[in-house]
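Asker: Take a look at upload.txt, compact mmCIF, C-alpha atoms (C1' of nucleotides):
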```txt
# COMPACT_ATOMS: atom_id res chain seq x y z
CA MET A 343 -61.49 118.63 149.90
CA ALA A 344 -61.34 122.40 150.10
CA TYR A 345 -57.97 122.19 148.38
CA ARG A 346 -59.35 122.04 144.86
CA ALA A 347 -61.48 125.17 145.31
CA HIS A 348 -58.67 126.96 147.11
CA ALA A 349 -56.18 126.12 144.38
CA LEU A 350 -58.45 127.15 141.54
CA ALA A 351 -59.22 130.44 143.25
CA ARG A 352 -55.50 131.13 143.72
CA LEU A 353 -54.85 130.35 140.07
CA LYS A 354 -57.59 132.64 138.88
CA GLU A 355 -56.66 135.57 141.07
CA ALA A 356 -53.09 135.28 139.85
CA GLY A 357 -54.24 135.47 136.24
CA PHE A 358 -53.62 131.84 135.34
CA ARG A 359 -56.14 129.91 133.29
CA ILE A 360 -58.12 127.01 134.69
CA THR A 361 -57.15 124.26 132.29
CA THR A 362 -57.99 120.58 132.25
CA PRO A 363 -54.41 119.36 132.88
CA ARG A 364 -54.06 121.76 135.82
CA GLN A 365 -57.27 120.56 137.38
CA ARG A 366 -56.21 116.96 136.97
CA VAL A 367 -52.88 117.53 138.67
CA ILE A 368 -54.52 119.46 141.49
CA ASP A 369 -57.12 116.75 142.02
CA LEU A 370 -54.48 114.05 142.06
CA LEU A 371 -52.31 115.88 144.58
CA ALA A 372 -55.30 116.50 146.81
CA GLU A 373 -56.25 112.85 146.63
CA VAL A 374 -52.83 111.25 147.07
CA LEU A 375 -51.62 113.65 149.79
CA GLU A 376 -48.18 112.07 149.94
CA PRO A 377 -45.15 113.36 148.03
CA VAL A 378 -45.08 112.25 144.40
CA SER A 379 -42.65 112.92 141.59
CA ALA A 380 -43.54 114.48 138.27
CA TYR A 381 -43.30 111.12 136.55
CA GLU A 382 -45.47 109.48 139.18
CA ILE A 383 -48.10 112.12 138.60
CA ARG A 384 -48.06 111.50 134.87
CA ASP A 385 -48.27 107.73 135.37
CA HIS A 386 -51.12 107.97 137.85
CA LEU A 387 -53.10 110.19 135.52
CA GLU A 388 -52.47 108.00 132.50
CA GLN A 389 -53.61 104.94 134.41
CA ARG A 390 -56.92 106.72 134.72
CA GLY A 391 -57.02 107.30 131.02
CA ALA A 392 -56.07 110.96 131.19
CA ARG A 393 -53.04 111.48 128.96
CA ILE A 394 -50.70 114.25 130.04
CA ASP A 395 -47.22 115.12 128.83
CA ILE A 396 -44.39 115.06 131.35
CA VAL A 397 -43.37 118.56 130.30
CA SER A 398 -46.79 119.87 131.22
CA VAL A 399 -46.55 118.21 134.63
CA TYR A 400 -43.28 120.00 135.29
CA ARG A 401 -44.68 123.32 134.20
CA ILE A 402 -47.87 122.91 136.19
CA LEU A 403 -45.93 121.99 139.30
CA GLU A 404 -43.70 125.01 138.83
CA CYS A 405 -46.75 127.23 138.56
CA LEU A 406 -48.40 125.69 141.62
CA GLU A 407 -45.19 126.06 143.57
CA GLN A 408 -44.95 129.76 142.77
CA LEU A 409 -48.45 130.21 144.15
CA GLY A 410 -47.61 128.30 147.30
CA LEU A 411 -50.04 125.53 146.43
CA VAL A 412 -47.34 122.91 146.31
CA HIS A 413 -43.83 122.58 147.62
CA ARG A 414 -40.91 120.40 146.87
CA VAL A 415 -39.91 117.70 149.29
CA LEU A 416 -36.38 116.44 149.38
CA SER A 417 -36.35 112.76 148.60
CA SER A 418 -34.40 110.81 151.17
CA GLY A 419 -31.54 108.60 150.09
CA LYS A 420 -32.04 108.66 146.36
CA VAL A 421 -31.41 112.32 145.83
CA HIS A 422 -32.03 112.84 142.17
CA ARG A 423 -35.80 112.52 142.29
CA CYS A 424 -38.08 115.50 142.69
CA VAL A 425 -41.09 114.98 144.88
CA ILE A 426 -43.98 117.22 145.59
CA GLU A 427 -46.44 117.71 148.38
CA ALA A 428 -49.82 119.31 148.29
CA HIS A 429 -49.95 122.51 150.27
CA GLU A 430 -53.26 122.72 152.11
CA PRO A 431 -54.77 126.02 153.21
CA CYS A 432 -53.17 127.44 156.30
CA SER A 433 -56.12 126.48 158.47
CA LEU A 434 -55.01 122.87 158.42
CA PRO A 435 -52.66 121.55 161.09
CA GLN A 436 -49.06 122.43 160.43
CA THR A 437 -47.81 118.92 161.15
CA ASP A 438 -49.17 117.72 157.82
CA HIS A 439 -46.34 119.47 156.06
CA CYS A 440 -43.52 118.10 158.11
CA HIS A 441 -41.39 115.07 157.49
CA HIS A 442 -38.84 113.66 159.85
CA SER A 443 -37.00 110.76 158.28
CA LEU A 444 -34.56 108.55 160.10
CA VAL A 445 -32.21 107.12 157.48
CA CYS A 446 -29.90 104.31 158.56
CA ARG A 447 -26.63 104.62 156.71
CA ARG A 448 -25.98 100.88 156.94
CA CYS A 449 -29.19 99.12 156.01
CA GLY A 450 -30.71 102.11 154.24
CA ARG A 451 -34.06 101.71 155.92
CA ILE A 452 -36.13 104.84 156.45
CA GLU A 453 -38.50 105.36 159.35
CA GLU A 454 -40.53 108.34 160.39
CA LEU A 455 -39.64 110.08 163.62
CA HIS A 456 -42.51 111.53 165.58
CA CYS A 457 -41.40 114.64 167.42
CA PRO A 458 -43.98 117.43 167.68
CA ASP A 459 -41.62 119.63 169.72
CA ILE A 460 -39.43 120.21 166.70
CA GLY A 461 -42.12 122.16 164.89
CA THR A 462 -42.55 124.73 167.62
CA LEU A 463 -38.83 125.05 168.22
CA LEU A 464 -38.19 125.66 164.53
CA ALA A 465 -41.08 128.09 164.19
CA ARG A 466 -39.63 130.16 167.01
CA ALA A 467 -36.09 130.06 165.63
CA ALA A 468 -37.30 131.04 162.17
CA GLU A 469 -39.44 133.84 163.53
CA ASN A 470 -36.37 135.36 165.17
CA VAL A 471 -34.90 136.04 161.74
CA GLY A 472 -38.19 137.22 160.24
CA PHE A 473 -38.96 134.03 158.37
CA ALA A 474 -42.60 132.87 158.19
CA LEU A 475 -42.31 129.10 158.44
CA GLU A 476 -44.76 127.03 156.45
CA HIS A 477 -43.27 123.60 156.35
CA HIS A 478 -40.07 121.78 157.05
CA GLN A 479 -38.29 118.60 156.16
CA LEU A 480 -35.77 116.89 158.29
CA GLU A 481 -33.45 114.07 157.46
CA LEU A 482 -31.65 112.34 160.30
CA GLY A 483 -28.69 110.16 159.40
CA GLY A 484 -27.10 107.58 161.64
CA THR A 485 -27.33 103.98 162.71
CA CYS A 486 -30.62 102.31 163.56
CA ARG A 487 -31.21 100.06 166.54
CA ARG A 488 -30.89 96.83 164.55
CA CYS A 489 -27.61 97.71 162.85
CA ALA A 490 -26.08 99.03 166.06
CA ALA A 491 -26.61 95.69 167.84
CA MET B 80 -5.88 115.18 158.86
CA ALA B 81 -6.69 112.01 160.74
CA TYR B 82 -9.45 111.40 158.24
CA ARG B 83 -7.23 109.80 155.64
CA ALA B 84 -5.78 107.27 158.05
CA HIS B 85 -9.18 106.60 159.58
CA ALA B 86 -10.76 106.03 156.18
CA LEU B 87 -8.01 103.74 154.92
CA ALA B 88 -8.20 101.66 158.09
CA ARG B 89 -11.97 101.32 157.73
CA LEU B 90 -11.56 100.25 154.12
CA LYS B 91 -8.97 97.66 154.96
CA GLU B 92 -10.83 96.14 157.88
CA ALA B 93 -13.91 95.84 155.69
CA GLY B 94 -11.90 93.92 153.09
CA PHE B 95 -11.75 96.67 150.50
CA ARG B 96 -8.55 97.35 148.61
CA ILE B 97 -6.57 100.55 149.00
CA THR B 98 -6.51 101.80 145.43
CA THR B 99 -5.15 104.98 143.96
CA PRO B 100 -8.55 106.39 142.89
CA ARG B 101 -9.96 105.72 146.34
CA GLN B 102 -7.11 107.50 148.05
CA ARG B 103 -7.48 110.45 145.74
CA VAL B 104 -11.19 110.82 146.46
CA ILE B 105 -10.62 110.47 150.20
CA ASP B 106 -7.88 113.07 150.17
CA LEU B 107 -10.00 115.47 148.20
CA LEU B 108 -13.00 115.09 150.51
CA ALA B 109 -10.79 115.61 153.54
CA GLU B 110 -9.33 118.73 151.99
CA VAL B 111 -12.47 120.36 150.62
CA LEU B 112 -14.67 119.58 153.65
CA GLU B 113 -17.78 121.04 152.05
CA PRO B 114 -20.38 119.02 150.14
CA VAL B 115 -19.34 118.25 146.57
CA SER B 116 -21.05 116.33 143.82
CA ALA B 117 -19.57 113.37 142.01
CA TYR B 118 -18.84 115.50 138.97
CA GLU B 119 -17.19 118.18 141.06
CA ILE B 120 -14.94 115.54 142.56
CA ARG B 121 -13.95 114.32 139.14
CA ASP B 122 -13.30 117.85 137.88
CA HIS B 123 -11.23 118.80 140.91
CA LEU B 124 -9.09 115.72 140.54
CA GLU B 125 -8.58 116.20 136.84
CA GLN B 126 -7.51 119.79 137.39
CA ARG B 127 -4.70 118.34 139.44
CA GLY B 128 -3.75 116.07 136.62
CA ALA B 129 -5.27 112.94 138.14
CA ARG B 130 -7.69 111.48 135.61
CA ILE B 131 -10.61 109.58 137.10
CA ASP B 132 -13.75 108.28 135.47
CA ILE B 133 -17.10 109.54 136.74
CA VAL B 134 -18.33 105.97 137.13
CA SER B 135 -15.50 105.24 139.52
CA VAL B 136 -16.33 108.33 141.53
CA TYR B 137 -19.89 107.11 141.97
CA ARG B 138 -18.74 103.64 142.99
CA ILE B 139 -16.15 104.96 145.40
CA LEU B 140 -18.66 107.28 147.02
CA GLU B 141 -21.12 104.42 147.37
CA CYS B 142 -18.45 102.34 149.04
CA LEU B 143 -17.43 105.14 151.39
CA GLU B 144 -21.05 105.78 152.25
CA GLN B 145 -21.61 102.17 153.24
CA LEU B 146 -18.67 102.40 155.60
CA GLY B 147 -19.98 105.60 157.13
CA LEU B 148 -17.04 107.60 155.80
CA VAL B 149 -19.23 109.85 153.72
CA HIS B 150 -22.88 110.79 153.64
CA ARG B 151 -25.19 112.33 151.16
CA VAL B 152 -26.43 115.85 151.66
CA LEU B 153 -29.71 116.89 150.16
CA SER B 154 -29.25 119.78 147.82
CA SER B 155 -31.72 122.54 148.50
CA GLY B 156 -33.87 123.90 145.73
CA LYS B 157 -32.43 122.15 142.72
CA VAL B 158 -33.11 118.62 143.78
CA HIS B 159 -31.56 116.53 141.06
CA ARG B 160 -27.95 117.03 142.13
CA CYS B 161 -26.18 114.64 144.41
CA VAL B 162 -23.83 116.15 146.92
CA ILE B 163 -21.53 114.55 149.39
CA GLU B 164 -19.99 115.48 152.65
CA ALA B 165 -16.92 114.09 154.31
CA HIS B 166 -17.72 112.22 157.47
CA GLU B 167 -15.05 112.96 160.04
CA PRO B 168 -14.28 110.63 162.92
CA CYS B 169 -16.77 110.89 165.76
CA SER B 170 -14.39 112.93 167.87
CA LEU B 171 -15.04 116.00 165.78
CA PRO B 172 -17.81 118.42 166.70
CA GLN B 173 -21.21 117.22 165.58
CA THR B 174 -22.25 120.62 164.28
CA ASP B 175 -20.02 120.20 161.25
CA HIS B 176 -22.48 117.74 159.79
CA CYS B 177 -25.61 119.78 160.19
CA HIS B 178 -27.30 122.04 157.69
CA HIS B 179 -30.30 124.24 158.35
CA SER B 180 -31.50 125.97 155.21
CA LEU B 181 -34.21 128.58 155.06
CA VAL B 182 -35.70 128.47 151.57
CA CYS B 183 -38.06 131.24 150.58
CA ARG B 184 -40.71 129.85 148.29
CA ARG B 185 -41.23 133.20 146.58
CA CYS B 186 -37.81 134.61 145.81
CA GLY B 187 -36.00 131.28 146.12
CA ARG B 188 -33.23 132.70 148.26
CA ILE B 189 -31.53 130.34 150.68
CA GLU B 190 -30.03 131.37 154.01
CA GLU B 191 -28.54 129.35 156.78
CA LEU B 192 -30.35 129.24 160.09
CA HIS B 193 -28.19 129.09 163.18
CA CYS B 194 -29.92 127.12 165.90
CA PRO B 195 -27.68 124.95 168.07
CA ASP B 196 -30.61 123.79 170.22
CA ILE B 197 -31.97 121.71 167.38
CA GLY B 198 -29.05 119.32 167.48
CA THR B 199 -29.50 118.34 171.10
CA LEU B 200 -33.28 118.12 170.78
CA LEU B 201 -32.96 115.81 167.79
CA ALA B 202 -30.29 113.68 169.40
CA ARG B 203 -32.57 113.08 172.36
CA ALA B 204 -35.62 112.32 170.21
CA ALA B 205 -33.63 109.91 168.06
CA GLU B 206 -32.14 108.21 171.08
CA ASN B 207 -35.62 107.45 172.35
CA VAL B 208 -36.22 105.16 169.40
CA GLY B 209 -32.77 103.58 169.55
CA PHE B 210 -31.29 105.58 166.69
CA ALA B 211 -27.66 106.73 166.95
CA LEU B 212 -27.72 110.15 165.35
CA GLU B 213 -24.66 111.19 163.36
CA HIS B 214 -25.81 114.09 161.25
CA HIS B 215 -28.95 115.84 160.14
CA GLN B 216 -30.18 118.14 157.43
CA LEU B 217 -33.04 120.48 157.76
CA GLU B 218 -34.87 122.42 155.14
CA LEU B 219 -37.28 125.12 156.25
CA GLY B 220 -39.77 126.40 153.70
CA GLY B 221 -41.76 129.59 153.97
CA THR B 222 -41.63 133.29 153.24
CA CYS B 223 -38.62 135.41 154.04
CA ARG B 224 -38.70 138.83 155.64
CA ARG B 225 -38.32 140.73 152.38
CA CYS B 226 -41.07 138.90 150.49
CA ALA B 227 -43.48 139.11 153.41
CA ALA B 228 -43.29 142.90 153.50
C1' DC C 538 -69.44 133.41 118.74
C1' DT C 539 -64.97 135.09 117.73
C1' DA C 540 -60.31 136.61 118.52
C1' DT C 541 -56.45 136.82 121.44
C1' DT C 542 -52.96 134.59 123.77
C1' DA C 543 -51.75 131.59 127.53
C1' DT C 544 -51.04 126.77 127.65
C1' DT C 545 -50.37 122.25 126.03
C1' DG C 546 -47.98 118.56 123.58
C1' DC C 547 -44.30 117.07 120.60
C1' DA C 548 -39.52 116.61 119.49
C1' DA C 549 -35.03 117.19 120.55
C1' DC C 550 -31.67 117.91 123.90
C1' DA C 551 -28.72 118.13 128.30
C1' DG C 552 -27.21 116.25 132.52
C1' DA C 553 -27.12 112.76 136.25
C1' DA C 554 -26.63 108.15 137.45
C1' DT C 555 -26.46 103.14 136.37
C1' DT C 556 -25.18 98.69 134.00
C1' DA C 557 -22.23 95.28 131.31
C1' DC C 558 -17.90 93.91 130.26
C1' DA C 559 -12.99 93.77 129.22
C1' DA C 560 -8.55 95.42 131.01
C1' DC C 561 -5.97 96.45 134.98
C1' DA C 562 -3.89 96.59 139.56
C1' DG C 563 -3.86 95.45 144.68
C1' DC C 564 -2.67 92.01 147.67
C1' DA C 565 -1.84 87.41 149.43
C1' DT C 566 0.96 83.64 148.58
C1' DA C 567 4.93 81.16 147.29
C1' DT D 6 10.64 89.40 144.40
C1' DA D 7 7.67 87.22 141.33
C1' DT D 8 2.99 85.30 140.36
C1' DG D 9 -1.89 84.45 140.27
C1' DC D 10 -6.41 85.46 141.95
C1' DT D 11 -10.02 88.64 142.05
C1' DG D 12 -11.61 93.05 143.44
C1' DT D 13 -11.55 97.60 140.84
C1' DT D 14 -11.24 100.65 137.24
C1' DG D 15 -12.37 102.63 132.79
C1' DT D 16 -15.03 102.51 128.40
C1' DA D 17 -19.26 102.44 126.11
C1' DA D 18 -23.94 102.34 126.08
C1' DT D 19 -28.26 102.98 128.43
C1' DT D 20 -31.83 104.81 131.60
C1' DC D 21 -33.92 108.44 133.97
C1' DT D 22 -34.76 113.28 135.16
C1' DG D 23 -35.51 117.75 133.72
C1' DT D 24 -35.33 121.60 130.12
C1' DT D 25 -35.95 124.32 125.70
C1' DG D 26 -38.07 125.68 121.15
C1' DC D 27 -41.97 125.67 118.47
C1' DA D 28 -46.42 124.67 116.39
C1' DA D 29 -51.19 123.38 117.60
C1' DT D 30 -54.80 123.87 120.91
C1' DA D 31 -58.08 125.65 124.08
C1' DA D 32 -59.45 129.06 127.87
C1' DT D 33 -61.12 133.52 128.54
C1' DA D 34 -62.57 138.33 127.35
C1' DG D 35 -65.40 140.98 124.50
```
Represent the structure from my file as structure tokens, please.
Answerer:
Amino acid sequence: MAYRAHALARLKEAGFRITTPRQRVIDLLAEVLEPVSAYEIRDHLEQRGARIDIVSVYRILECLEQLGLVHRVLSSGKVHRCVIEAHEPCSLPQTDHCHHSLVCRRCGRIEELHCPDIGTLLARAAENVGFALEHHQLELGGTCRRCAA
Amino acid sequence: MAYRAHALARLKEAGFRITTPRQRVIDLLAEVLEPVSAYEIRDHLEQRGARIDIVSVYRILECLEQLGLVHRVLSSGKVHRCVIEAHEPCSLPQTDHCHHSLVCRRCGRIEELHCPDIGTLLARAAENVGFALEHHQLELGGTCRRCAA
DNA sequence: CTATTATTGCAACAGAATTACAACAGCATA
DNA sequence: TATGCTGTTGTAATTCTGTTGCAATAATAG
């Protein structure tokens, strides 16, 4: 769990204060690892007895995002929910930050597509235009095997 | 504009009724071609003197989505807006349905990445798991050339 | 330990999307 | 062409997400 230390250091060097709510959000993100919405973060924390206002969650996430400690993940299907993913230090494998969702437009089911080649292809394409790629999200729409039958 | 006829036929064969609001939405989508939100659809139609309730727009879009006549596009950056894209008959070029956005996490700017290889790579990967790919959306996060300097 | 000020929490608000229900209109039938 | 069934629409109200203004609080420097 180097994430906590990394995040706190980033905060400090950027002139932000190390507050209790911020530490709680950081710890939760580092523990959960999967994308969570602002409201899910608040609920998780309150279940543990740590009250936090939803407004603070939004502001903390915004701050963490600016510092590159967190990034927004597009929620598949239901579009109007904002989800977040912890952004580990660059030493960690890149694949952790990538999501490839297969969304069937008929039954609505979502599966994950495993395709490591995509990462390298995208990294190269992005590099060509001077873009330093850190993560990517991919949503594939179509018809799944079951519904096609 | 084969889309209108195609859409109406799909509706009919699925047992849906051909109503005035549905035709208006279909015509608008076929004309605009780019992703539009439910509220934008309503506003566009009302500007032309055709009053339609926002609730109906949502229901019509849901219906069209089920039939594969429309699909949702993830809005980059601001996540809580729902956008739609017309789904042309399969004869049209696949590239129309694909979006590759480069989102800089520092300055927030969004550019389009042109990379035709991705489509074929994805189609093959999806095919391997029995998924018939119809469209895809890709969001690339990282640091753009300007902010990296 | 104290003072400064960033940060939090509260309250109110704005916008997106959904639900319940009565009125309406498409379509099959006569 | 008229008529009745029922799928659809529109209205109103509600839920959920996200934002803004402001007073109270707490983190950090000195």
Asker: Please check the contacts: residues of chain B at most 6 Å away from chain A, using only C-alpha atoms, listed as a list in words.
Answerer: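 Residues of chain B within 6 Å of chain A, counting only C-alpha atoms: Gln145, Val158, His159, Arg160, Cys161, Gly209, Phe210, Ala211, Leu212, Glu213, His214, His215, Gln216, Leu217, Glu218, Leu219, Gly220, Gly221, Thr222, Cys223 and Arg224 of chain B.
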Asker: With all atoms listed in the file considered, list every residue of chain C at most 9 Å from chain A, as a list in words.
Answerer: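 Matching residues, ligands excluded from the count: DA543, DT544, DT545, DG546, DC547, DA553 and DA554 of chain C.
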Asker: When you get a sec, could you note down which chain D residues fall within 8 Å of chain A, using all atoms listed in the file, as a list in words?
Answerer: DT22, DA32 and DT33 of chain D
Asker: Based on the selection just made, write C-alpha atoms (C1' of nucleotides) of those residues as a PDB file, in the frame of the given file.
Answerer:
```pdb
ATOM      1  C1'  DT D  22     -34.760 113.280 135.160  1.00  0.00           C
ATOM      2  C1'  DA D  32     -59.450 129.060 127.870  1.00  0.00           C
ATOM      3  C1'  DT D  33     -61.120 133.520 128.540  1.00  0.00           C
TER       4       DT D  33
END
```
Asker: What is the distance, in Å and to one decimal place, between C1' of DC561 in chain C and CA of Val111 in chain B?
Answerer: 29.3 Å
Asker: By how many Å are C1' of DC538 in chain C and CA of Gln365 in chain A apart?
Answerer: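 Spanning C1' of DC538 in chain C to CA of Gln365 in chain A is a straight-line distance of 25.7 Å.
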Asker: What does the distance between CA of Arg83 in chain B and CA of Asp106 in chain B come to in Å, to one decimal place?
Answerer: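 These two atoms are separated by 6.4 Å.
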Asker: Can you work out which one of A:Arg393, A:His348, A:Arg466, A:Lys354 has the shortest atom-to-atom distance to Arg366 in chain A, counting all atoms listed in the file?
Answerer: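 Closest to Arg366 in chain A, using all atoms listed in the file: A:Arg393.
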Asker: Which residues, written as a list in words, have at least one atom at most 12 Å from DA549 in chain C, with all atoms listed in the file counted and residues fewer than 2 positions away on the same chain left out?
Answerer: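 Residues meeting the cut-off are DC547 and DA551 of chain C; DT24, DT25, DG26 and DC27 of chain D.
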Asker: Could you pull the residues within 10 Å of DT16 in chain D, counting only C-alpha atoms (C1' of nucleotides), minus those fewer than 2 positions along the same chain, as a list in words?
Answerer: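 Here the qualifying residues turn out to be Asp132 and Val134 of chain B; DC558, DA559 and DA560 of chain C; DT14 and DA18 of chain D.
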Asker: Keeping C-alpha atoms (C1' of nucleotides), export the residues of the selection given above as an mmCIF file, in the frame of the given file.
Answerer:
```cif
data_model
loop_
_atom_site.group_PDB
_atom_site.id
_atom_site.type_symbol
_atom_site.label_atom_id
_atom_site.label_comp_id
_atom_site.auth_asym_id
_atom_site.auth_seq_id
_atom_site.Cartn_x
_atom_site.Cartn_y
_atom_site.Cartn_z
ATOM 1 C CA ASP B 132 -13.750 108.280 135.470
ATOM 2 C CA VAL B 134 -18.330 105.970 137.130
ATOM 3 C "C1'" DC C 558 -17.900 93.910 130.260
ATOM 4 C "C1'" DA C 559 -12.990 93.770 129.220
ATOM 5 C "C1'" DA C 560 -8.550 95.420 131.010
ATOM 6 C "C1'" DT D 14 -11.240 100.650 137.240
ATOM 7 C "C1'" DA D 18 -23.940 102.340 126.080
#
```
Asker: Taking into account only C-alpha atoms (C1' of nucleotides), which residue in the set C:DA565, C:DA548, C:DA540, C:DA557 is nearest to DG35 in chain D?
Answerer: C:DA540
